[in-house]
$ cat start.cif   # mmCIF, C-alpha atoms and all ligand atoms
data_data
loop_
_atom_site.group_PDB
_atom_site.id
_atom_site.type_symbol
_atom_site.label_atom_id
_atom_site.label_comp_id
_atom_site.auth_asym_id
_atom_site.auth_seq_id
_atom_site.Cartn_x
_atom_site.Cartn_y
_atom_site.Cartn_z
ATOM 1 C CA MET A 163 -34.392 -5.047 27.223
ATOM 2 C CA TYR A 164 -34.020 -4.546 23.460
ATOM 3 C CA ILE A 165 -34.672 -0.813 23.798
ATOM 4 C CA ILE A 166 -32.100 -0.501 26.577
ATOM 5 C CA SER A 167 -29.359 -2.272 24.619
ATOM 6 C CA LEU A 168 -30.158 -0.352 21.411
ATOM 7 C CA LYS A 169 -29.919 2.906 23.333
ATOM 8 C CA TYR A 170 -26.598 1.770 24.800
ATOM 9 C CA ILE A 171 -25.179 1.054 21.346
ATOM 10 C CA ILE A 172 -26.393 4.352 19.874
ATOM 11 C CA MET A 173 -25.016 6.281 22.833
ATOM 12 C CA ASN A 174 -21.658 4.621 22.392
ATOM 13 C CA LYS A 175 -21.601 5.472 18.710
ATOM 14 C CA ALA A 176 -22.358 9.067 19.669
ATOM 15 C CA THR A 177 -19.625 9.204 22.281
ATOM 16 C CA ARG A 178 -16.928 7.638 20.087
ATOM 17 C CA LYS A 179 -14.863 10.015 18.038
ATOM 18 C CA THR A 180 -15.796 9.991 14.361
ATOM 19 C CA VAL A 181 -12.653 10.458 12.313
ATOM 20 C CA ILE A 182 -12.470 11.370 8.647
ATOM 21 C CA ALA A 183 -8.917 10.925 7.404
ATOM 22 C CA GLY A 184 -7.527 11.512 3.947
ATOM 23 C CA ASN A 185 -4.722 9.295 2.704
ATOM 24 C CA TRP A 186 -3.065 11.271 -0.048
ATOM 25 C CA LYS A 187 -0.680 8.395 -0.862
ATOM 26 C CA MET A 188 2.174 9.469 -3.207
ATOM 27 C CA ASN A 189 0.413 12.563 -4.499
ATOM 28 C CA LYS A 190 1.066 16.304 -4.203
ATOM 29 C CA THR A 191 4.294 18.275 -4.141
ATOM 30 C CA PRO A 192 4.582 20.708 -1.217
ATOM 31 C CA ASP A 193 3.067 23.574 -3.231
ATOM 32 C CA GLU A 194 0.225 21.362 -4.447
ATOM 33 C CA ALA A 195 -0.305 20.091 -0.905
ATOM 34 C CA VAL A 196 -0.746 23.600 0.451
ATOM 35 C CA ALA A 197 -3.167 24.388 -2.377
ATOM 36 C CA LEU A 198 -5.244 21.311 -1.528
ATOM 37 C CA ILE A 199 -5.303 22.194 2.174
ATOM 38 C CA GLU A 200 -6.391 25.730 1.326
ATOM 39 C CA ALA A 201 -9.147 24.333 -0.898
ATOM 40 C CA ILE A 202 -10.363 21.994 1.888
ATOM 41 C CA LYS A 203 -10.278 24.877 4.374
ATOM 42 C CA ALA A 204 -12.360 26.986 1.976
ATOM 43 C CA GLU A 205 -14.870 24.139 1.544
ATOM 44 C CA ILE A 206 -15.400 23.687 5.282
ATOM 45 C CA ALA A 207 -15.235 27.367 6.240
ATOM 46 C CA GLY A 208 -18.344 28.439 8.135
ATOM 47 C CA LYS A 209 -19.619 24.869 8.413
ATOM 48 C CA ASP A 210 -19.986 22.987 11.674
ATOM 49 C CA THR A 211 -17.358 20.241 11.557
ATOM 50 C CA SER A 212 -17.396 19.547 15.282
ATOM 51 C CA GLY A 213 -18.980 16.126 14.688
ATOM 52 C CA CYS A 214 -15.719 14.615 13.468
ATOM 53 C CA ASP A 215 -11.965 14.913 13.583
ATOM 54 C CA ILE A 216 -10.458 15.708 10.197
ATOM 55 C CA ILE A 217 -7.028 14.395 9.290
ATOM 56 C CA ALA A 218 -4.816 14.841 6.238
ATOM 57 C CA GLY A 219 -2.350 11.970 5.714
ATOM 58 C CA VAL A 220 0.315 13.469 3.500
ATOM 59 C CA PRO A 221 3.662 12.413 1.983
ATOM 60 C CA PHE A 222 6.727 12.993 4.195
ATOM 61 C CA VAL A 223 7.988 15.949 2.132
ATOM 62 C CA ASP A 224 4.661 17.767 2.589
ATOM 63 C CA LEU A 225 4.446 17.435 6.372
ATOM 64 C CA ALA A 226 6.194 20.680 7.308
ATOM 65 C CA VAL A 227 4.318 22.926 4.889
ATOM 66 C CA VAL A 228 0.973 21.291 5.628
ATOM 67 C CA ALA A 229 1.606 21.661 9.379
ATOM 68 C CA LYS A 230 1.828 25.402 8.789
ATOM 69 C CA ALA A 231 -1.121 25.519 6.388
ATOM 70 C CA ILE A 232 -3.511 23.814 8.836
ATOM 71 C CA GLU A 233 -2.731 26.180 11.722
ATOM 72 C CA GLY A 234 -5.968 27.632 13.094
ATOM 73 C CA SER A 235 -8.079 25.096 11.188
ATOM 74 C CA PRO A 236 -9.692 21.888 12.500
ATOM 75 C CA ILE A 237 -7.496 19.769 10.219
ATOM 76 C CA LYS A 238 -4.921 17.515 11.880
ATOM 77 C CA LEU A 239 -1.812 16.055 10.323
ATOM 78 C CA ALA A 240 -0.795 12.439 9.675
ATOM 79 C CA ALA A 241 2.235 10.800 8.103
ATOM 80 C CA GLN A 242 1.844 7.615 6.076
ATOM 81 C CA ASN A 243 4.517 5.458 7.686
ATOM 82 C CA VAL A 244 7.123 5.430 10.464
ATOM 83 C CA HIS A 245 10.179 3.334 11.285
ATOM 84 C CA TRP A 246 10.408 1.557 14.623
ATOM 85 C CA ALA A 247 13.960 2.630 15.482
ATOM 86 C CA ALA A 248 14.643 5.983 17.095
ATOM 87 C CA SER A 249 17.569 6.673 14.749
ATOM 88 C CA GLY A 250 20.366 4.867 12.949
ATOM 89 C CA ALA A 251 21.440 3.252 9.714
ATOM 90 C CA PHE A 252 18.019 2.875 8.074
ATOM 91 C CA THR A 253 18.399 4.650 4.751
ATOM 92 C CA GLY A 254 15.154 6.092 3.474
ATOM 93 C CA GLU A 255 13.261 5.655 6.717
ATOM 94 C CA ILE A 256 11.781 8.273 9.089
ATOM 95 C CA SER A 257 11.511 8.012 12.872
ATOM 96 C CA ALA A 258 8.566 8.885 15.081
ATOM 97 C CA ASP A 259 10.451 11.769 16.683
ATOM 98 C CA MET A 260 11.205 13.193 13.240
ATOM 99 C CA LEU A 261 7.502 13.072 12.364
ATOM 100 C CA LYS A 262 6.573 14.773 15.598
ATOM 101 C CA ALA A 263 9.218 17.436 15.061
ATOM 102 C CA VAL A 264 7.585 18.500 11.796
ATOM 103 C CA GLY A 265 4.100 18.589 13.310
ATOM 104 C CA ALA A 266 2.583 15.158 12.659
ATOM 105 C CA GLU A 267 0.059 14.090 15.278
ATOM 106 C CA TYR A 268 -0.977 10.814 13.626
ATOM 107 C CA VAL A 269 0.636 8.139 11.515
ATOM 108 C CA ILE A 270 -1.025 5.632 9.190
ATOM 109 C CA ILE A 271 0.516 2.183 9.724
ATOM 110 C CA GLY A 272 0.045 -1.102 7.882
ATOM 111 C CA HIS A 273 -1.744 0.260 4.831
ATOM 112 C CA SER A 274 -2.382 -2.554 2.374
ATOM 113 C CA GLU A 275 -0.227 -0.858 -0.255
ATOM 114 C CA ARG A 276 2.713 -1.096 2.154
ATOM 115 C CA ARG A 277 1.842 -4.715 2.918
ATOM 116 C CA GLN A 278 1.482 -5.518 -0.811
ATOM 117 C CA TYR A 279 4.382 -3.601 -2.346
ATOM 118 C CA PHE A 280 6.898 -2.988 0.432
ATOM 119 C CA GLY A 281 7.033 -6.248 2.341
ATOM 120 C CA GLU A 282 5.169 -4.953 5.376
ATOM 121 C CA THR A 283 4.216 -7.804 7.708
ATOM 122 C CA ASP A 284 2.171 -7.961 10.889
ATOM 123 C CA GLU A 285 5.486 -8.129 12.744
ATOM 124 C CA THR A 286 6.782 -4.864 11.249
ATOM 125 C CA VAL A 287 3.359 -3.244 11.589
ATOM 126 C CA ASN A 288 3.452 -4.151 15.274
ATOM 127 C CA LYS A 289 6.965 -2.724 15.717
ATOM 128 C CA ARG A 290 6.018 0.517 13.972
ATOM 129 C CA THR A 291 2.854 0.787 16.056
ATOM 130 C CA ALA A 292 4.742 0.312 19.316
ATOM 131 C CA ALA A 293 7.366 2.902 18.362
ATOM 132 C CA ALA A 294 4.796 5.457 17.242
ATOM 133 C CA LEU A 295 2.764 5.114 20.432
ATOM 134 C CA ALA A 296 5.871 5.250 22.617
ATOM 135 C CA ALA A 297 6.829 8.524 20.936
ATOM 136 C CA GLY A 298 3.378 10.007 21.509
ATOM 137 C CA LEU A 299 1.987 9.696 17.996
ATOM 138 C CA LYS A 300 -1.564 8.512 17.414
ATOM 139 C CA VAL A 301 -1.868 5.522 15.133
ATOM 140 C CA ILE A 302 -4.299 4.740 12.340
ATOM 141 C CA LEU A 303 -3.793 0.986 12.029
ATOM 142 C CA CYS A 304 -4.986 -0.521 8.749
ATOM 143 C CA VAL A 305 -6.261 -4.076 8.442
ATOM 144 C CA GLY A 306 -8.267 -5.830 5.771
ATOM 145 C CA GLU A 307 -8.719 -8.971 3.731
ATOM 146 C CA LEU A 308 -7.747 -9.795 0.166
ATOM 147 C CA LYS A 309 -10.436 -10.589 -2.386
ATOM 148 C CA GLU A 310 -9.589 -14.329 -2.304
ATOM 149 C CA GLU A 311 -9.854 -14.318 1.475
ATOM 150 C CA ARG A 312 -13.325 -12.765 1.328
ATOM 151 C CA LEU A 313 -14.369 -15.270 -1.336
ATOM 152 C CA SER A 314 -13.081 -18.095 0.876
ATOM 153 C CA GLY A 315 -15.257 -16.854 3.737
ATOM 154 C CA ILE A 316 -12.332 -16.136 6.066
ATOM 155 C CA THR A 317 -12.548 -12.333 6.251
ATOM 156 C CA GLU A 318 -13.227 -12.137 9.970
ATOM 157 C CA GLU A 319 -10.471 -14.646 10.836
ATOM 158 C CA ILE A 320 -7.926 -12.748 8.729
ATOM 159 C CA VAL A 321 -8.841 -9.369 10.145
ATOM 160 C CA ALA A 322 -8.923 -10.728 13.719
ATOM 161 C CA MET A 323 -5.469 -12.217 13.258
ATOM 162 C CA GLN A 324 -4.109 -8.907 11.926
ATOM 163 C CA VAL A 325 -5.634 -6.956 14.815
ATOM 164 C CA LYS A 326 -4.193 -9.372 17.386
ATOM 165 C CA LEU A 327 -0.716 -9.479 15.862
ATOM 166 C CA ASP A 328 -0.532 -5.763 15.086
ATOM 167 C CA LEU A 329 -1.619 -4.758 18.595
ATOM 168 C CA ALA A 330 0.547 -7.288 20.462
ATOM 169 C CA GLY A 331 1.993 -5.566 23.516
ATOM 170 C CA VAL A 332 -0.094 -2.408 23.089
ATOM 171 C CA SER A 333 -1.463 -1.465 26.501
ATOM 172 C CA LYS A 334 -5.057 -0.698 27.359
ATOM 173 C CA GLU A 335 -4.055 2.924 28.032
ATOM 174 C CA ASP A 336 -2.352 3.229 24.653
ATOM 175 C CA MET A 337 -5.539 2.051 22.928
ATOM 176 C CA ALA A 338 -6.862 5.579 23.519
ATOM 177 C CA ASN A 339 -4.389 6.606 20.797
ATOM 178 C CA VAL A 340 -5.219 3.881 18.313
ATOM 179 C CA ILE A 341 -7.755 4.090 15.500
ATOM 180 C CA ILE A 342 -8.416 0.952 13.479
ATOM 181 C CA ALA A 343 -9.114 1.368 9.775
ATOM 182 C CA TYR A 344 -10.894 -1.602 8.243
ATOM 183 C CA GLU A 345 -9.897 -1.524 4.606
ATOM 184 C CA PRO A 346 -10.852 -4.506 2.446
ATOM 185 C CA VAL A 347 -7.954 -4.684 -0.001
ATOM 186 C CA TRP A 348 -10.268 -5.430 -2.932
ATOM 187 C CA ALA A 349 -12.046 -2.117 -2.329
ATOM 188 C CA ILE A 350 -9.005 0.169 -2.183
ATOM 189 C CA GLY A 351 -8.619 2.354 -5.243
ATOM 190 C CA THR A 352 -10.779 -0.008 -7.272
ATOM 191 C CA GLY A 353 -14.095 1.814 -7.171
ATOM 192 C CA LEU A 354 -15.547 -1.326 -5.535
ATOM 193 C CA THR A 355 -16.962 -0.364 -2.160
ATOM 194 C CA ALA A 356 -17.959 -2.792 0.544
ATOM 195 C CA THR A 357 -21.679 -2.558 1.142
ATOM 196 C CA ALA A 358 -22.638 -0.740 4.311
ATOM 197 C CA GLU A 359 -23.656 -4.136 5.747
ATOM 198 C CA GLN A 360 -20.286 -5.714 4.887
ATOM 199 C CA ALA A 361 -18.441 -2.761 6.443
ATOM 200 C CA GLU A 362 -20.630 -2.920 9.538
ATOM 201 C CA GLU A 363 -20.190 -6.673 9.920
ATOM 202 C CA VAL A 364 -16.386 -6.522 9.898
ATOM 203 C CA CYS A 365 -16.128 -3.326 11.985
ATOM 204 C CA ALA A 366 -18.380 -4.997 14.586
ATOM 205 C CA ALA A 367 -16.202 -8.120 14.492
ATOM 206 C CA ILE A 368 -13.084 -5.980 15.038
ATOM 207 C CA ARG A 369 -14.782 -4.350 18.023
ATOM 208 C CA GLY A 370 -15.440 -7.851 19.368
ATOM 209 C CA VAL A 371 -11.765 -8.754 18.992
ATOM 210 C CA ILE A 372 -10.739 -5.602 20.865
ATOM 211 C CA ALA A 373 -13.212 -6.452 23.632
ATOM 212 C CA LYS A 374 -11.578 -9.873 23.992
ATOM 213 C CA LEU A 375 -8.032 -8.464 23.874
ATOM 214 C CA TYR A 376 -8.806 -5.634 26.317
ATOM 215 C CA ASP A 377 -12.364 -5.149 27.595
ATOM 216 C CA GLU A 378 -15.780 -3.806 26.579
ATOM 217 C CA THR A 379 -14.928 -0.268 27.666
ATOM 218 C CA VAL A 380 -11.873 -0.116 25.415
ATOM 219 C CA ALA A 381 -13.810 -1.734 22.571
ATOM 220 C CA GLU A 382 -16.679 0.729 22.846
ATOM 221 C CA ALA A 383 -14.293 3.686 22.961
ATOM 222 C CA THR A 384 -12.175 2.668 19.961
ATOM 223 C CA THR A 385 -12.793 4.463 16.686
ATOM 224 C CA ILE A 386 -13.079 1.983 13.819
ATOM 225 C CA GLN A 387 -13.060 3.492 10.347
ATOM 226 C CA TYR A 388 -14.019 1.990 7.026
ATOM 227 C CA GLY A 389 -11.808 2.614 4.002
ATOM 228 C CA GLY A 390 -12.103 1.467 0.409
ATOM 229 C CA SER A 391 -13.503 3.702 -2.324
ATOM 230 C CA MET A 392 -15.484 5.787 0.155
ATOM 231 C CA ASN A 393 -16.688 8.820 -1.723
ATOM 232 C CA ALA A 394 -19.131 11.714 -1.686
ATOM 233 C CA GLY A 395 -21.914 9.440 -2.915
ATOM 234 C CA ASN A 396 -21.607 6.506 -0.522
ATOM 235 C CA ALA A 397 -20.156 8.078 2.648
ATOM 236 C CA ALA A 398 -23.466 8.892 4.344
ATOM 237 C CA GLU A 399 -24.717 5.319 4.138
ATOM 238 C CA LEU A 400 -21.438 3.790 5.295
ATOM 239 C CA LEU A 401 -21.096 6.276 8.157
ATOM 240 C CA SER A 402 -24.653 5.622 9.326
ATOM 241 C CA MET A 403 -23.701 2.108 10.393
ATOM 242 C CA LYS A 404 -23.398 1.779 14.136
ATOM 243 C CA ASN A 405 -19.869 0.352 14.208
ATOM 244 C CA VAL A 406 -18.427 2.502 11.411
ATOM 245 C CA ASP A 407 -16.879 5.504 13.137
ATOM 246 C CA GLY A 408 -15.407 7.314 10.203
ATOM 247 C CA GLY A 409 -13.473 6.798 7.024
ATOM 248 C CA LEU A 410 -9.966 6.509 5.665
ATOM 249 C CA ILE A 411 -10.255 7.981 2.228
ATOM 250 C CA GLY A 412 -7.790 7.804 -0.638
ATOM 251 C CA GLY A 413 -8.899 9.076 -4.045
ATOM 252 C CA ALA A 414 -11.778 11.232 -2.838
ATOM 253 C CA SER A 415 -9.551 12.998 -0.301
ATOM 254 C CA LEU A 416 -7.627 14.589 -3.171
ATOM 255 C CA LYS A 417 -10.743 16.449 -4.312
ATOM 256 C CA ALA A 418 -11.593 19.177 -1.816
ATOM 257 C CA PRO A 419 -15.343 19.370 -2.630
ATOM 258 C CA ASP A 420 -15.748 15.585 -2.352
ATOM 259 C CA PHE A 421 -13.741 15.400 0.867
ATOM 260 C CA ALA A 422 -15.915 18.199 2.267
ATOM 261 C CA VAL A 423 -19.077 16.243 1.407
ATOM 262 C CA ILE A 424 -17.694 13.251 3.309
ATOM 263 C CA ILE A 425 -16.879 15.497 6.283
ATOM 264 C CA GLY A 426 -20.439 16.812 6.068
ATOM 265 C CA ALA A 427 -21.834 13.281 6.042
ATOM 266 C CA ALA A 428 -19.982 12.589 9.298
ATOM 267 C CA GLN A 429 -21.653 15.406 11.218
HETATM 268 C C1 LIG B 501 -6.835 4.251 1.058
HETATM 269 O O1 LIG B 501 -5.872 4.638 0.425
HETATM 270 O O2 LIG B 501 -6.722 3.994 2.254
HETATM 271 C C2 LIG B 501 -8.123 4.128 0.370
HETATM 272 C C3 LIG B 501 -9.147 3.669 1.023
HETATM 273 O O3 LIG B 501 -8.142 4.492 -0.942
HETATM 274 P P1 LIG B 501 -9.458 4.717 -1.845
HETATM 275 O O4 LIG B 501 -10.394 5.567 -1.043
HETATM 276 O O5 LIG B 501 -8.949 5.425 -3.061
HETATM 277 O O6 LIG B 501 -10.022 3.381 -2.132
#
$ encode --input "start.cif" --output "structure tokens"
Amino acid sequence: MYIISLKYIIMNKATRKTVIAGNWKMNKTPDEAVALIEAIKAEIAGKDTSGCDIIAGVPFVDLAVVAKAIEGSPIKLAAQNVHWAASGAFTGEISADMLKAVGAEYVIIGHSERRQYFGETDETVNKRTAAALAAGLKVILCVGELKEERLSGITEEIVAMQVKLDLAGVSKEDMANVIIAYEPVWAIGTGLTATAEQAEEVCAAIRGVIAKLYDETVAEATTIQYGGSMNAGNAAELLSMKNVDGGLIGGASLKAPDFAVIIGAAQ
């Protein structure tokens, strides 16, 4: 019985898509962005990267040039935010159709920096998610607890609540276009990484929430990434966990050799 269920879990890990995504945040002018893409392409040239999808999440102004630079490479393109309206009086915002028109395939939504500094709430995350999916974008949905929440022992409740609120109204079919990124806020950009066990525990809990919201099939098919100071040194251990299906990587994604090591660890 144990052997059968272990085999089932391992098979599901193998059949889920592993996704290594870089979040460049507010870094790189268009020229610098192209240079970084070229450096990543050079790092992965001749290597088998078929074991994972590779995504670059770039600033809005870099999308068009990066779309061109990744042509013919395995790298896919993500934006870092999207507005929920199709168009209108929303100064400074960008719509899903605009992102698609410049070549974005994915969009990162609900990153903790947007929640912390730009008033993002689960309600707005949910509206952005719905709009992105309706427009045909794939979503990398970020959730994660604050340090105080972890210390209070309520990590799983917080993350479950975010997942439920952020995915409200998202259909079972649309879940095929949703990746969840578990990013403990205390680990983002701090050099503090969750242990592989902590990452596994919360990613498994998120999978359980998705199973309850949808069903086991959807839960087993959903890619759940870990993010928070993942780097060339710790990626292999984190990615070896059975419910960790990839990484959302900030700092280390700006260094082509390090990003390439992480891609290698995901093979
Ligand atoms: C992030 O920006 O999503 C992130 C995880 O950053 P870092 O890897 O730098 O912690």
$ residues_around --input "start.cif" --residues "Gly426 in chain A" --least-positions-apart "6" --cutoff "9 Å" --atoms "all atoms listed in the file" --output "list in words"
Ile206, Lys209, Asp210, Thr211, Gly213 and Ala398 of chain A
$ resolve_selection --input "start.cif" --expression "the PyMOL selection byres (((chain A and resi 267) around 12) and not hetatm)" --output "compact mmCIF listing (two decimals) with C-alpha atoms, keeping the file's coordinate frame"
# COMPACT_ATOMS: atom_id res chain seq x y z
CA ILE A 216 -10.46 15.71 10.20
CA ILE A 217 -7.03 14.40 9.29
CA ALA A 218 -4.82 14.84 6.24
CA GLY A 219 -2.35 11.97 5.71
CA VAL A 220 0.32 13.47 3.50
CA LEU A 225 4.45 17.43 6.37
CA ALA A 229 1.61 21.66 9.38
CA ILE A 237 -7.50 19.77 10.22
CA LYS A 238 -4.92 17.52 11.88
CA LEU A 239 -1.81 16.06 10.32
CA ALA A 240 -0.80 12.44 9.68
CA ALA A 241 2.24 10.80 8.10
CA GLN A 242 1.84 7.62 6.08
CA ALA A 258 8.57 8.88 15.08
CA ASP A 259 10.45 11.77 16.68
CA MET A 260 11.20 13.19 13.24
CA LEU A 261 7.50 13.07 12.36
CA LYS A 262 6.57 14.77 15.60
CA ALA A 263 9.22 17.44 15.06
CA VAL A 264 7.58 18.50 11.80
CA GLY A 265 4.10 18.59 13.31
CA ALA A 266 2.58 15.16 12.66
CA TYR A 268 -0.98 10.81 13.63
CA VAL A 269 0.64 8.14 11.52
CA ILE A 270 -1.02 5.63 9.19
CA ALA A 294 4.80 5.46 17.24
CA LEU A 295 2.76 5.11 20.43
CA ALA A 297 6.83 8.52 20.94
CA GLY A 298 3.38 10.01 21.51
CA LEU A 299 1.99 9.70 18.00
CA LYS A 300 -1.56 8.51 17.41
CA VAL A 301 -1.87 5.52 15.13
CA ILE A 302 -4.30 4.74 12.34
CA ASN A 339 -4.39 6.61 20.80
CA VAL A 340 -5.22 3.88 18.31
$ resolve_selection --input "start.cif" --expression "the PyMOL selection byres (((not hetatm)) within 6 of (chain B and resi 501))" --output "ChimeraX atom specification"
/A:185,349-351,389-392,410-413
$ closest_residue --input "start.cif" --among "A:Ile372, A:Ala251, A:Ala356, A:Val347" --to "Ser333 in chain A" --atoms "all atoms listed in the file"
A:Ile372
$ atom_distance --input "start.cif" --atom1 "CA of Thr384 in chain A" --atom2 "CA of Leu327 in chain A"
17.2 Å
$ atom_distance --input "start.cif" --atom1 "CA of Gly370 in chain A" --atom2 "CA of Glu382 in chain A"
9.3 Å
$ resolve_selection --input "start.cif" --expression "the PyMOL selection byres (((chain A and resi 366) around 12) and not hetatm)" --output "VMD selection string"
chain A and resid 171 175 318 321 to 322 342 344 358 to 365 367 to 373 381 to 382 384 to 388 403 to 407
$ closest_residue --input "start.cif" --among "A:Gly254, A:Gly315, A:Thr177, A:Gln324" --to "Thr283 in chain A" --atoms "all atoms listed in the file"
A:Gln324
$ atom_distance --input "start.cif" --atom1 "CA of Leu313 in chain A" --atom2 "CA of Gly409 in chain A"
23.6 Å
$ closest_residue --input "start.cif" --among "A:Ser274, A:Thr286, A:Thr357, A:Ser212" --to "His245 in chain A" --atoms "all atoms listed in the file"
A:Thr286
$ axis_aligned_box --input "start.cif" --around "range 395-412 of chain A" --padding-each-side "3 Å" --output "lines of an AutoDock Vina configuration file"
center_x = -16.3
center_y = 4.9
center_z = 5.6
size_x = 22.9
size_y = 15.1
size_z = 23.1
$ closest_residue --input "start.cif" --among "A:Glu399, A:Glu205, A:Asp224, A:Glu307" --to "Pro192 in chain A" --atoms "all atoms listed in the file"
A:Asp224
$ closest_residue --input "start.cif" --among "A:Ala197, A:Ser314, A:Gly395, A:Ala293" --to "Ala231 in chain A" --atoms "all atoms listed in the file"
A:Ala197
$ closest_residue --input "start.cif" --among "A:Ala183, A:Ala292, A:Ala248, A:Ile202" --to "Cys214 in chain A" --atoms "all atoms listed in the file"
A:Ala183
